[in-house]
>>> print(open('data-v8.tsv').read())   # TSV, C-alpha atoms
chain	number	residue	atom	x	y	z
A	232	MET	CA	-13.88	30.19	30.02
A	233	ALA	CA	-16.08	32.70	28.21
A	234	MET	CA	-18.31	29.89	26.94
A	235	ARG	CA	-18.67	28.48	30.44
A	236	LEU	CA	-19.66	31.87	31.83
A	237	LEU	CA	-22.16	32.31	29.02
A	238	VAL	CA	-23.71	28.90	29.73
A	239	LEU	CA	-23.83	29.65	33.46
A	240	LEU	CA	-25.42	33.05	32.87
A	241	SER	CA	-27.99	31.56	30.48
A	242	ALA	CA	-28.89	28.86	32.98
A	243	LEU	CA	-29.28	31.44	35.75
A	244	ILE	CA	-31.52	33.61	33.59
A	245	ALA	CA	-33.64	30.57	32.66
A	246	VAL	CA	-34.06	29.61	36.33
A	247	LEU	CA	-35.05	33.16	37.27
A	248	LEU	CA	-37.58	33.38	34.42
A	249	ILE	CA	-39.15	30.06	35.40
A	250	PHE	CA	-39.30	31.11	39.04
A	251	PHE	CA	-40.87	34.53	38.50
A	252	PHE	CA	-43.22	33.66	35.64
A	253	VAL	CA	-44.20	30.07	36.47
A	254	ALA	CA	-43.35	28.92	40.00
A	255	ARG	CA	-44.07	32.11	41.94
A	256	PRO	CA	-47.48	32.86	40.38
A	257	TRP	CA	-48.43	29.21	41.03
A	258	TYR	CA	-47.62	29.18	44.73
A	259	LEU	CA	-48.99	32.67	45.39
A	260	GLN	CA	-52.39	31.45	44.14
A	261	TRP	CA	-52.14	27.79	45.14
A	262	GLY	CA	-55.59	26.19	45.06
A	263	ALA	CA	-57.44	29.50	44.65
A	264	THR	CA	-59.60	30.52	41.71
A	265	ASP	CA	-59.15	33.85	39.94
A	266	GLU	CA	-62.39	35.01	41.56
A	267	GLU	CA	-61.14	34.10	45.04
A	268	THR	CA	-57.90	36.00	44.56
A	269	THR	CA	-59.77	39.23	43.78
A	270	MET	CA	-62.80	38.96	46.10
A	271	VAL	CA	-62.89	41.08	49.25
A	272	LEU	CA	-62.28	38.99	52.37
A	273	PRO	CA	-62.50	39.74	56.09
A	274	GLY	CA	-59.09	41.04	57.14
A	275	ASP	CA	-58.41	43.01	53.96
A	276	GLU	CA	-59.20	46.18	55.89
A	277	ILE	CA	-56.10	45.65	58.04
A	278	VAL	CA	-53.91	46.76	55.12
A	279	PRO	CA	-56.29	48.67	52.84
A	280	ASN	CA	-53.49	49.92	50.56
A	281	ALA	CA	-51.74	46.58	50.09
A	282	GLY	CA	-49.03	46.53	47.48
A	283	ASP	CA	-48.85	42.77	47.05
A	284	GLY	CA	-50.12	39.56	48.55
A	285	GLU	CA	-51.16	35.97	48.08
A	286	THR	CA	-54.41	34.02	48.34
A	287	ARG	CA	-54.45	30.26	48.73
A	288	ALA	CA	-57.40	27.92	49.09
A	289	ILE	CA	-58.42	24.33	49.65
A	290	THR	CA	-61.75	22.49	49.68
A	291	ILE	CA	-62.58	20.61	52.87
A	292	ASP	CA	-65.24	17.91	52.68
A	293	ALA	CA	-66.82	18.84	55.99
A	294	PRO	CA	-69.42	21.42	57.08
A	295	ILE	CA	-68.12	24.77	58.27
A	296	ASN	CA	-69.08	24.09	61.89
A	297	HIS	CA	-66.77	21.04	61.84
A	298	VAL	CA	-63.89	23.02	60.36
A	299	TRP	CA	-64.09	26.12	62.54
A	300	PRO	CA	-63.06	24.48	65.86
A	301	TRP	CA	-59.79	23.31	64.29
A	302	MET	CA	-59.21	26.72	62.74
A	303	ALA	CA	-60.12	28.57	65.93
A	304	GLN	CA	-57.43	26.86	67.98
A	305	VAL	CA	-54.55	27.63	65.64
A	306	GLY	CA	-51.49	28.99	67.41
A	307	GLN	CA	-48.34	27.89	69.21
A	308	ASP	CA	-49.99	28.11	72.63
A	309	ARG	CA	-53.26	26.57	71.41
A	310	GLY	CA	-53.47	23.59	69.04
A	311	GLY	CA	-50.43	24.35	66.90
A	312	PHE	CA	-50.39	25.07	63.17
A	313	TYR	CA	-50.94	21.51	61.86
A	314	SER	CA	-47.88	21.87	59.65
A	315	PHE	CA	-44.38	20.37	59.83
A	316	ASP	CA	-44.21	20.44	63.63
A	317	LEU	CA	-41.03	18.33	63.62
A	318	LEU	CA	-39.32	21.08	61.64
A	319	GLU	CA	-40.92	23.80	63.77
A	320	ASN	CA	-39.77	22.18	66.98
A	321	LEU	CA	-36.23	21.73	65.67
A	322	VAL	CA	-35.98	25.55	65.72
A	323	GLY	CA	-37.52	25.83	69.19
A	324	CYS	CA	-41.19	26.56	68.43
A	325	GLN	CA	-42.44	24.02	70.99
A	326	MET	CA	-45.56	23.22	68.96
A	327	PRO	CA	-48.11	20.72	70.34
A	328	THR	CA	-47.54	17.24	68.92
A	329	GLU	CA	-50.98	15.87	69.76
A	330	ASP	CA	-53.84	16.65	67.39
A	331	ARG	CA	-57.07	17.02	69.35
A	332	LEU	CA	-59.81	19.56	69.78
A	333	ARG	CA	-59.20	21.90	72.71
A	334	PRO	CA	-62.46	23.78	73.48
A	335	ASP	CA	-60.68	26.01	76.03
A	336	LYS	CA	-58.30	27.24	73.30
A	337	GLN	CA	-60.89	28.28	70.70
A	338	SER	CA	-62.07	31.67	71.97
A	339	TRP	CA	-60.81	34.94	70.49
A	340	ALA	CA	-61.21	38.68	71.07
A	341	LEU	CA	-59.81	41.59	69.12
A	342	GLY	CA	-56.31	42.34	70.34
A	343	ASP	CA	-55.49	38.73	71.21
A	344	LYS	CA	-52.11	37.44	70.07
A	345	LEU	CA	-51.50	34.58	67.67
A	346	TRP	CA	-48.26	33.12	68.95
A	347	MET	CA	-45.97	31.50	66.40
A	348	TYR	CA	-42.99	31.19	68.74
A	349	PRO	CA	-43.00	30.80	72.54
A	350	ARG	CA	-43.72	34.14	74.21
A	351	GLU	CA	-40.78	33.73	76.57
A	352	LYS	CA	-38.32	33.38	73.68
A	353	ALA	CA	-36.86	35.81	71.12
A	354	GLY	CA	-37.83	38.79	73.26
A	355	GLY	CA	-41.52	37.96	72.94
A	356	ILE	CA	-41.81	39.15	69.32
A	357	GLY	CA	-43.10	35.93	67.73
A	358	TYR	CA	-46.75	36.86	67.39
A	359	ALA	CA	-49.41	38.50	65.21
A	360	THR	CA	-52.38	40.44	66.62
A	361	LEU	CA	-56.06	39.75	65.94
A	362	ARG	CA	-57.50	42.80	64.15
A	363	SER	CA	-60.49	41.30	62.33
A	364	PHE	CA	-62.85	38.67	63.71
A	365	VAL	CA	-66.00	37.04	62.34
A	366	PRO	CA	-67.01	34.31	64.83
A	367	GLY	CA	-67.33	30.92	63.18
A	368	ARG	CA	-65.89	32.21	59.93
A	369	ALA	CA	-62.77	34.38	59.92
A	370	LEU	CA	-59.63	35.40	61.82
A	371	GLY	CA	-57.57	38.33	60.51
A	372	PHE	CA	-54.21	39.19	62.06
A	373	GLY	CA	-52.03	42.27	61.79
A	374	THR	CA	-48.39	41.45	61.05
A	375	HIS	CA	-45.07	43.05	60.16
A	376	VAL	CA	-43.73	42.28	56.70
A	377	VAL	CA	-40.15	41.18	56.20
A	378	GLY	CA	-37.86	44.13	56.89
A	379	THR	CA	-40.24	45.96	59.26
A	380	SER	CA	-39.21	45.99	62.93
A	381	ILE	CA	-41.63	44.99	65.65
A	382	ASP	CA	-41.68	48.51	67.13
A	383	GLN	CA	-43.05	49.99	63.90
A	384	PRO	CA	-46.76	50.03	62.92
A	385	GLU	CA	-48.18	46.85	61.45
A	386	ASP	CA	-47.92	46.83	57.66
A	387	GLY	CA	-49.08	43.31	56.86
A	388	SER	CA	-52.01	40.98	57.39
A	389	TRP	CA	-52.58	37.24	57.58
A	390	SER	CA	-56.21	36.13	57.35
A	391	PHE	CA	-57.95	32.75	57.65
A	392	VAL	CA	-61.43	32.65	56.12
A	393	LEU	CA	-63.96	29.82	55.89
A	394	VAL	CA	-66.57	29.95	53.12
A	395	PRO	CA	-69.38	27.36	53.12
A	396	VAL	CA	-69.79	25.65	49.76
A	397	SER	CA	-72.62	23.33	50.76
A	398	ASP	CA	-73.93	21.58	53.86
A	399	SER	CA	-71.00	19.17	53.61
A	400	ALA	CA	-68.14	21.21	52.10
A	401	THR	CA	-66.16	24.31	53.04
A	402	ARG	CA	-63.51	26.40	51.35
A	403	LEU	CA	-60.57	27.50	53.49
A	404	LEU	CA	-58.90	30.63	52.16
A	405	ILE	CA	-55.71	32.07	53.58
A	406	ARG	CA	-54.62	35.51	52.44
A	407	GLY	CA	-51.48	37.48	53.20
A	408	ARG	CA	-51.10	41.16	52.30
A	409	GLY	CA	-48.34	43.72	52.69
A	410	ALA	CA	-48.15	47.49	52.38
A	411	PRO	CA	-45.94	49.02	49.68
A	412	GLY	CA	-42.74	50.94	50.35
A	413	ARG	CA	-40.43	48.16	51.53
A	414	THR	CA	-36.68	48.33	51.08
A	415	LEU	CA	-35.07	46.56	48.12
A	416	LEU	CA	-33.21	44.24	50.48
A	417	GLY	CA	-36.45	43.35	52.28
A	418	VAL	CA	-38.21	42.59	49.00
A	419	ALA	CA	-35.29	40.46	47.78
A	420	PHE	CA	-35.23	38.41	50.99
A	421	ASP	CA	-39.00	38.05	50.87
A	422	ARG	CA	-39.07	36.81	47.27
A	423	ALA	CA	-36.07	34.51	47.43
A	424	ILE	CA	-36.38	32.97	50.91
A	425	PHE	CA	-39.42	33.88	53.00
A	426	GLU	CA	-42.14	33.41	50.36
A	427	PRO	CA	-41.15	29.85	49.31
A	428	LEU	CA	-40.62	28.71	52.91
A	429	HIS	CA	-43.88	30.31	54.05
A	430	PHE	CA	-45.74	28.61	51.19
A	431	MET	CA	-44.28	25.23	52.13
A	432	MET	CA	-45.43	25.57	55.75
A	433	GLU	CA	-48.78	27.18	54.97
A	434	LYS	CA	-49.72	24.62	52.33
A	435	ARG	CA	-49.05	21.81	54.79
A	436	MET	CA	-51.12	23.61	57.42
A	437	MET	CA	-54.08	23.85	55.06
A	438	ILE	CA	-53.79	20.16	54.22
A	439	GLY	CA	-53.57	19.44	57.95
A	440	VAL	CA	-56.79	21.35	58.68
A	441	LYS	CA	-58.50	19.48	55.85
A	442	GLU	CA	-57.39	16.09	57.15
A	443	LEU	CA	-58.36	16.88	60.74
A	444	ALA	CA	-61.79	18.26	59.84
A	445	GLU	CA	-62.53	15.30	57.57
A	446	THR	CA	-61.07	12.41	59.58
A	447	GLY	CA	-59.92	13.69	62.98
A	448	GLU	CA	-56.26	12.90	62.25
A	449	ARG	CA	-53.55	13.95	59.81
A	450	GLY	CA	-50.58	12.42	58.03
A	451	ARG	CA	-47.88	13.18	60.58
A	452	LEU	CA	-45.69	10.33	59.28
A	453	VAL	CA	-45.85	11.83	55.79
A	454	ASN	CA	-44.70	15.14	57.29
A	455	HIS	CA	-41.67	13.48	58.85
A	456	VAL	CA	-40.80	11.75	55.56
A	457	HIS	CA	-40.93	15.13	53.78
A	458	VAL	CA	-38.57	16.65	56.34
A	459	ALA	CA	-36.17	13.70	56.03
A	460	ILE	CA	-36.11	14.03	52.23
A	461	TRP	CA	-35.43	17.78	52.46
A	462	ALA	CA	-32.61	17.15	54.94
A	463	LEU	CA	-31.07	14.50	52.68
A	464	THR	CA	-31.37	16.79	49.65
A	465	PHE	CA	-29.66	19.61	51.56
A	466	VAL	CA	-26.81	17.32	52.62
A	467	LEU	CA	-26.32	16.05	49.05
A	468	MET	CA	-26.37	19.61	47.72
A	469	ILE	CA	-23.61	20.59	50.15
>>> encode(input="data-v8.tsv", output="structure tokens")
Amino acid sequence: MAMRLLVLLSALIAVLLIFFFVARPWYLQWGATDEETTMVLPGDEIVPNAGDGETRAITIDAPINHVWPWMAQVGQDRGGFYSFDLLENLVGCQMPTEDRLRPDKQSWALGDKLWMYPREKAGGIGYATLRSFVPGRALGFGTHVVGTSIDQPEDGSWSFVLVPVSDSATRLLIRGRGAPGRTLLGVAFDRAIFEPLHFMMEKRMMIGVKELAETGERGRLVNHVHVAIWALTFVLMI
């Protein structure tokens, strides 16, 4: 029995070490260069004293003016998030399932809400608020980090920034930041559950924007296959 416990404890320690020193640093900086993770971006001013955060990036082989319309209509009540909409809709998000440009859904003004969940559900708390705006280039939203209630001041940010690389290529950077001072329970939930799930959805969104800007359509079937594999894996694990 003692040997079994020792083996179990050793395996658990190994998993935790791999997660915190290999997996987590990788997905917090997925696709981004060291320079991009440290450069000042529009939206950083929303949480000037950020305690932690992530910066992810992807190269899109399309000019910035072709990428911006897709980025500008992000949102549950606009063009969706171009991620795993099957999974999102299974939990009631009611995301659009048709990928097309919607010119009437691409305008923004400071104070506008980015809806992630229908406004008539969950007490109308499923949104972030536009706090930083550079037309044609950046959207920066104020958020509440895990563990902060909606009636408290915003202590997080979620920013989408387009950087032209050439006349035919654009970098999409997405940065999330949070203020320090969170509870231990909030940090634990964030690290173990929210961060990996958020990365999974955000990565697919970035790939979706890339596919749409480059070709006008995205791999929705591939998304469904991913969801089916995750569901099967979960069932087998149980």
>>> closest_residue(input="data-v8.tsv", among="A:Thr264, A:Ser399, A:Ser338, A:Thr464", to="Gln304 of chain A", atoms="all atoms listed in the file")
A:Ser338
>>> closest_residue(input="data-v8.tsv", among="A:Gly274, A:Val377, A:Glu442, A:Phe372", to="Ala423 of chain A", atoms="all atoms listed in the file")
A:Val377
>>> atom_distance(input="data-v8.tsv", atom1="atom CA of Val322 of chain A", atom2="atom CA of Val376 of chain A")
20.5 Å
>>> atom_distance(input="data-v8.tsv", atom1="atom CA of Arg406 of chain A", atom2="atom CA of His375 of chain A")
14.4 Å
>>> atom_distance(input="data-v8.tsv", atom1="atom CA of Cys324 of chain A", atom2="atom CA of Ile295 of chain A")
28.8 Å
>>> residues_around(input="data-v8.tsv", residues="Glu285 of chain A", least_positions_apart="5", cutoff="9 Å", atoms="all atoms listed in the file", output="list in words")
Tyr258, Leu259, Gln260, Trp261, Thr268, Ile405, Arg406, Gly407 and Arg408 of chain A
>>> closest_residue(input="data-v8.tsv", among="A:Arg309, A:His455, A:Lys336, A:His297", to="Leu393 of chain A", atoms="all atoms listed in the file")
A:His297
>>> closest_atom_pairs(input="data-v8.tsv", of="segment 238-304 of chain A", to="segment 327-332 of chain A", cutoff="12 Å", atoms="all atoms listed in the file", output="Markdown table")
| residue | atom | partner | partner_atom | distance |
| --- | --- | --- | --- | --- |
| A:His297 | CA | A:Leu332 | CA | 10.7 |
| A:Val298 | CA | A:Leu332 | CA | 10.8 |
| A:Trp299 | CA | A:Leu332 | CA | 10.7 |
| A:Pro300 | CA | A:Leu332 | CA | 7.1 |
| A:Trp301 | CA | A:Leu332 | CA | 6.6 |
| A:Met302 | CA | A:Leu332 | CA | 10.1 |
| A:Ala303 | CA | A:Leu332 | CA | 9.8 |
| A:Gln304 | CA | A:Leu332 | CA | 7.9 |
>>> closest_residue(input="data-v8.tsv", among="A:Ile249, A:Asn454, A:Ile460, A:Met232", to="Glu319 of chain A", atoms="all atoms listed in the file")
A:Asn454
>>> residues_around(input="data-v8.tsv", residues="segment 363-365 of chain A", least_positions_apart="5", cutoff="12 Å", atoms="only C-alpha atoms", output="PDB file with C-alpha atoms, keeping the file's coordinate frame")
ATOM      1  CA  LEU A 272     -62.280  38.990  52.370  1.00  0.00           C
ATOM      2  CA  PRO A 273     -62.500  39.740  56.090  1.00  0.00           C
ATOM      3  CA  GLY A 274     -59.090  41.040  57.140  1.00  0.00           C
ATOM      4  CA  ASP A 275     -58.410  43.010  53.960  1.00  0.00           C
ATOM      5  CA  GLU A 276     -59.200  46.180  55.890  1.00  0.00           C
ATOM      6  CA  ILE A 277     -56.100  45.650  58.040  1.00  0.00           C
ATOM      7  CA  VAL A 278     -53.910  46.760  55.120  1.00  0.00           C
ATOM      8  CA  TRP A 299     -64.090  26.120  62.540  1.00  0.00           C
ATOM      9  CA  ALA A 303     -60.120  28.570  65.930  1.00  0.00           C
ATOM     10  CA  SER A 338     -62.070  31.670  71.970  1.00  0.00           C
ATOM     11  CA  TRP A 339     -60.810  34.940  70.490  1.00  0.00           C
ATOM     12  CA  ALA A 340     -61.210  38.680  71.070  1.00  0.00           C
ATOM     13  CA  LEU A 341     -59.810  41.590  69.120  1.00  0.00           C
ATOM     14  CA  GLY A 342     -56.310  42.340  70.340  1.00  0.00           C
ATOM     15  CA  ASP A 343     -55.490  38.730  71.210  1.00  0.00           C
ATOM     16  CA  LEU A 370     -59.630  35.400  61.820  1.00  0.00           C
ATOM     17  CA  GLY A 371     -57.570  38.330  60.510  1.00  0.00           C
ATOM     18  CA  PHE A 372     -54.210  39.190  62.060  1.00  0.00           C
ATOM     19  CA  GLY A 373     -52.030  42.270  61.790  1.00  0.00           C
ATOM     20  CA  SER A 388     -52.010  40.980  57.390  1.00  0.00           C
ATOM     21  CA  TRP A 389     -52.580  37.240  57.580  1.00  0.00           C
ATOM     22  CA  SER A 390     -56.210  36.130  57.350  1.00  0.00           C
ATOM     23  CA  PHE A 391     -57.950  32.750  57.650  1.00  0.00           C
ATOM     24  CA  VAL A 392     -61.430  32.650  56.120  1.00  0.00           C
ATOM     25  CA  LEU A 393     -63.960  29.820  55.890  1.00  0.00           C
ATOM     26  CA  VAL A 394     -66.570  29.950  53.120  1.00  0.00           C
TER      27      VAL A 394
END
>>> closest_residue(input="data-v8.tsv", among="A:Gly447, A:Val458, A:Val440, A:Gly409", to="Asp421 of chain A", atoms="only C-alpha atoms")
A:Gly409
>>> residues_around(input="data-v8.tsv", residues="Gly450 of chain A", least_positions_apart="5", cutoff="10 Å", atoms="all atoms listed in the file", output="ChimeraX atom specification")
/A:313-314,438-439,442-443,455
>>> build_atoms(input="data-v8.tsv", residues="segment 268-279 of chain A", atoms="all heavy atoms", output="PDB file, in the frame of the given file")
ATOM      1  N   THR A 268     -59.061  35.135  44.341  1.00  0.00           N
ATOM      2  CA  THR A 268     -57.900  36.000  44.560  1.00  0.00           C
ATOM      3  C   THR A 268     -58.272  37.481  44.527  1.00  0.00           C
ATOM      4  O   THR A 268     -57.543  38.309  45.082  1.00  0.00           O
ATOM      5  CB  THR A 268     -56.815  35.738  43.499  1.00  0.00           C
ATOM      6  OG1 THR A 268     -57.331  36.029  42.198  1.00  0.00           O
ATOM      7  CG2 THR A 268     -56.344  34.299  43.548  1.00  0.00           C
ATOM      8  N   THR A 269     -59.384  37.819  43.892  1.00  0.00           N
ATOM      9  CA  THR A 269     -59.770  39.230  43.780  1.00  0.00           C
ATOM     10  C   THR A 269     -60.934  39.615  44.693  1.00  0.00           C
ATOM     11  O   THR A 269     -61.187  40.804  44.891  1.00  0.00           O
ATOM     12  CB  THR A 269     -60.160  39.563  42.327  1.00  0.00           C
ATOM     13  OG1 THR A 269     -61.224  38.697  41.906  1.00  0.00           O
ATOM     14  CG2 THR A 269     -58.965  39.365  41.401  1.00  0.00           C
ATOM     15  N   MET A 270     -61.646  38.647  45.253  1.00  0.00           N
ATOM     16  CA  MET A 270     -62.800  38.960  46.100  1.00  0.00           C
ATOM     17  C   MET A 270     -62.335  39.586  47.414  1.00  0.00           C
ATOM     18  O   MET A 270     -61.250  39.300  47.907  1.00  0.00           O
ATOM     19  CB  MET A 270     -63.632  37.716  46.354  1.00  0.00           C
ATOM     20  CG  MET A 270     -62.944  36.651  47.179  1.00  0.00           C
ATOM     21  SD  MET A 270     -63.852  35.053  47.239  1.00  0.00           S
ATOM     22  CE  MET A 270     -65.362  35.546  48.049  1.00  0.00           C
ATOM     23  N   VAL A 271     -63.180  40.460  47.961  1.00  0.00           N
ATOM     24  CA  VAL A 271     -62.890  41.080  49.250  1.00  0.00           C
ATOM     25  C   VAL A 271     -63.140  40.080  50.359  1.00  0.00           C
ATOM     26  O   VAL A 271     -64.185  39.429  50.402  1.00  0.00           O
ATOM     27  CB  VAL A 271     -63.758  42.345  49.453  1.00  0.00           C
ATOM     28  CG1 VAL A 271     -63.500  42.941  50.828  1.00  0.00           C
ATOM     29  CG2 VAL A 271     -63.474  43.369  48.365  1.00  0.00           C
ATOM     30  N   LEU A 272     -62.172  39.930  51.266  1.00  0.00           N
ATOM     31  CA  LEU A 272     -62.280  38.990  52.370  1.00  0.00           C
ATOM     32  C   LEU A 272     -62.145  39.718  53.696  1.00  0.00           C
ATOM     33  O   LEU A 272     -61.505  40.779  53.770  1.00  0.00           O
ATOM     34  CB  LEU A 272     -61.184  37.928  52.279  1.00  0.00           C
ATOM     35  CG  LEU A 272     -61.185  36.985  51.075  1.00  0.00           C
ATOM     36  CD1 LEU A 272     -59.990  36.048  51.159  1.00  0.00           C
ATOM     37  CD2 LEU A 272     -62.488  36.193  51.001  1.00  0.00           C
ATOM     38  N   PRO A 273     -62.739  39.186  54.763  1.00  0.00           N
ATOM     39  CA  PRO A 273     -62.500  39.740  56.090  1.00  0.00           C
ATOM     40  C   PRO A 273     -60.994  39.779  56.370  1.00  0.00           C
ATOM     41  O   PRO A 273     -60.278  38.813  56.091  1.00  0.00           O
ATOM     42  CB  PRO A 273     -63.213  38.757  57.027  1.00  0.00           C
ATOM     43  CG  PRO A 273     -64.266  38.122  56.179  1.00  0.00           C
ATOM     44  CD  PRO A 273     -63.678  38.030  54.802  1.00  0.00           C
ATOM     45  N   GLY A 274     -60.516  40.874  56.887  1.00  0.00           N
ATOM     46  CA  GLY A 274     -59.090  41.040  57.140  1.00  0.00           C
ATOM     47  C   GLY A 274     -58.399  41.922  56.134  1.00  0.00           C
ATOM     48  O   GLY A 274     -57.313  42.449  56.398  1.00  0.00           O
ATOM     49  N   ASP A 275     -59.020  42.125  54.953  1.00  0.00           N
ATOM     50  CA  ASP A 275     -58.410  43.010  53.960  1.00  0.00           C
ATOM     51  C   ASP A 275     -58.295  44.435  54.473  1.00  0.00           C
ATOM     52  O   ASP A 275     -57.402  45.191  54.067  1.00  0.00           O
ATOM     53  CB  ASP A 275     -59.236  43.008  52.659  1.00  0.00           C
ATOM     54  CG  ASP A 275     -59.076  41.718  51.865  1.00  0.00           C
ATOM     55  OD1 ASP A 275     -58.253  40.870  52.267  1.00  0.00           O
ATOM     56  OD2 ASP A 275     -59.779  41.563  50.851  1.00  0.00           O
ATOM     57  N   GLU A 276     -59.201  44.814  55.383  1.00  0.00           N
ATOM     58  CA  GLU A 276     -59.200  46.180  55.890  1.00  0.00           C
ATOM     59  C   GLU A 276     -57.986  46.469  56.780  1.00  0.00           C
ATOM     60  O   GLU A 276     -57.686  47.636  57.073  1.00  0.00           O
ATOM     61  CB  GLU A 276     -60.488  46.441  56.680  1.00  0.00           C
ATOM     62  CG  GLU A 276     -60.603  45.718  58.022  1.00  0.00           C
ATOM     63  CD  GLU A 276     -61.067  44.279  57.907  1.00  0.00           C
ATOM     64  OE1 GLU A 276     -61.207  43.778  56.769  1.00  0.00           O
ATOM     65  OE2 GLU A 276     -61.298  43.655  58.965  1.00  0.00           O
ATOM     66  N   ILE A 277     -57.271  45.437  57.203  1.00  0.00           N
ATOM     67  CA  ILE A 277     -56.100  45.650  58.040  1.00  0.00           C
ATOM     68  C   ILE A 277     -55.016  46.394  57.273  1.00  0.00           C
ATOM     69  O   ILE A 277     -54.332  47.267  57.821  1.00  0.00           O
ATOM     70  CB  ILE A 277     -55.556  44.296  58.547  1.00  0.00           C
ATOM     71  CG1 ILE A 277     -56.622  43.572  59.385  1.00  0.00           C
ATOM     72  CG2 ILE A 277     -54.288  44.485  59.376  1.00  0.00           C
ATOM     73  CD1 ILE A 277     -56.252  42.150  59.753  1.00  0.00           C
ATOM     74  N   VAL A 278     -54.852  46.054  56.000  1.00  0.00           N
ATOM     75  CA  VAL A 278     -53.910  46.760  55.120  1.00  0.00           C
ATOM     76  C   VAL A 278     -54.686  47.180  53.879  1.00  0.00           C
ATOM     77  O   VAL A 278     -54.631  46.523  52.842  1.00  0.00           O
ATOM     78  CB  VAL A 278     -52.719  45.852  54.725  1.00  0.00           C
ATOM     79  CG1 VAL A 278     -51.688  46.653  53.916  1.00  0.00           C
ATOM     80  CG2 VAL A 278     -52.057  45.253  55.950  1.00  0.00           C
ATOM     81  N   PRO A 279     -55.425  48.284  53.960  1.00  0.00           N
ATOM     82  CA  PRO A 279     -56.290  48.670  52.840  1.00  0.00           C
ATOM     83  C   PRO A 279     -55.525  49.059  51.578  1.00  0.00           C
ATOM     84  O   PRO A 279     -56.055  48.962  50.477  1.00  0.00           O
ATOM     85  CB  PRO A 279     -57.056  49.870  53.402  1.00  0.00           C
ATOM     86  CG  PRO A 279     -56.205  50.401  54.504  1.00  0.00           C
ATOM     87  CD  PRO A 279     -55.522  49.205  55.110  1.00  0.00           C
TER      88      PRO A 279
END
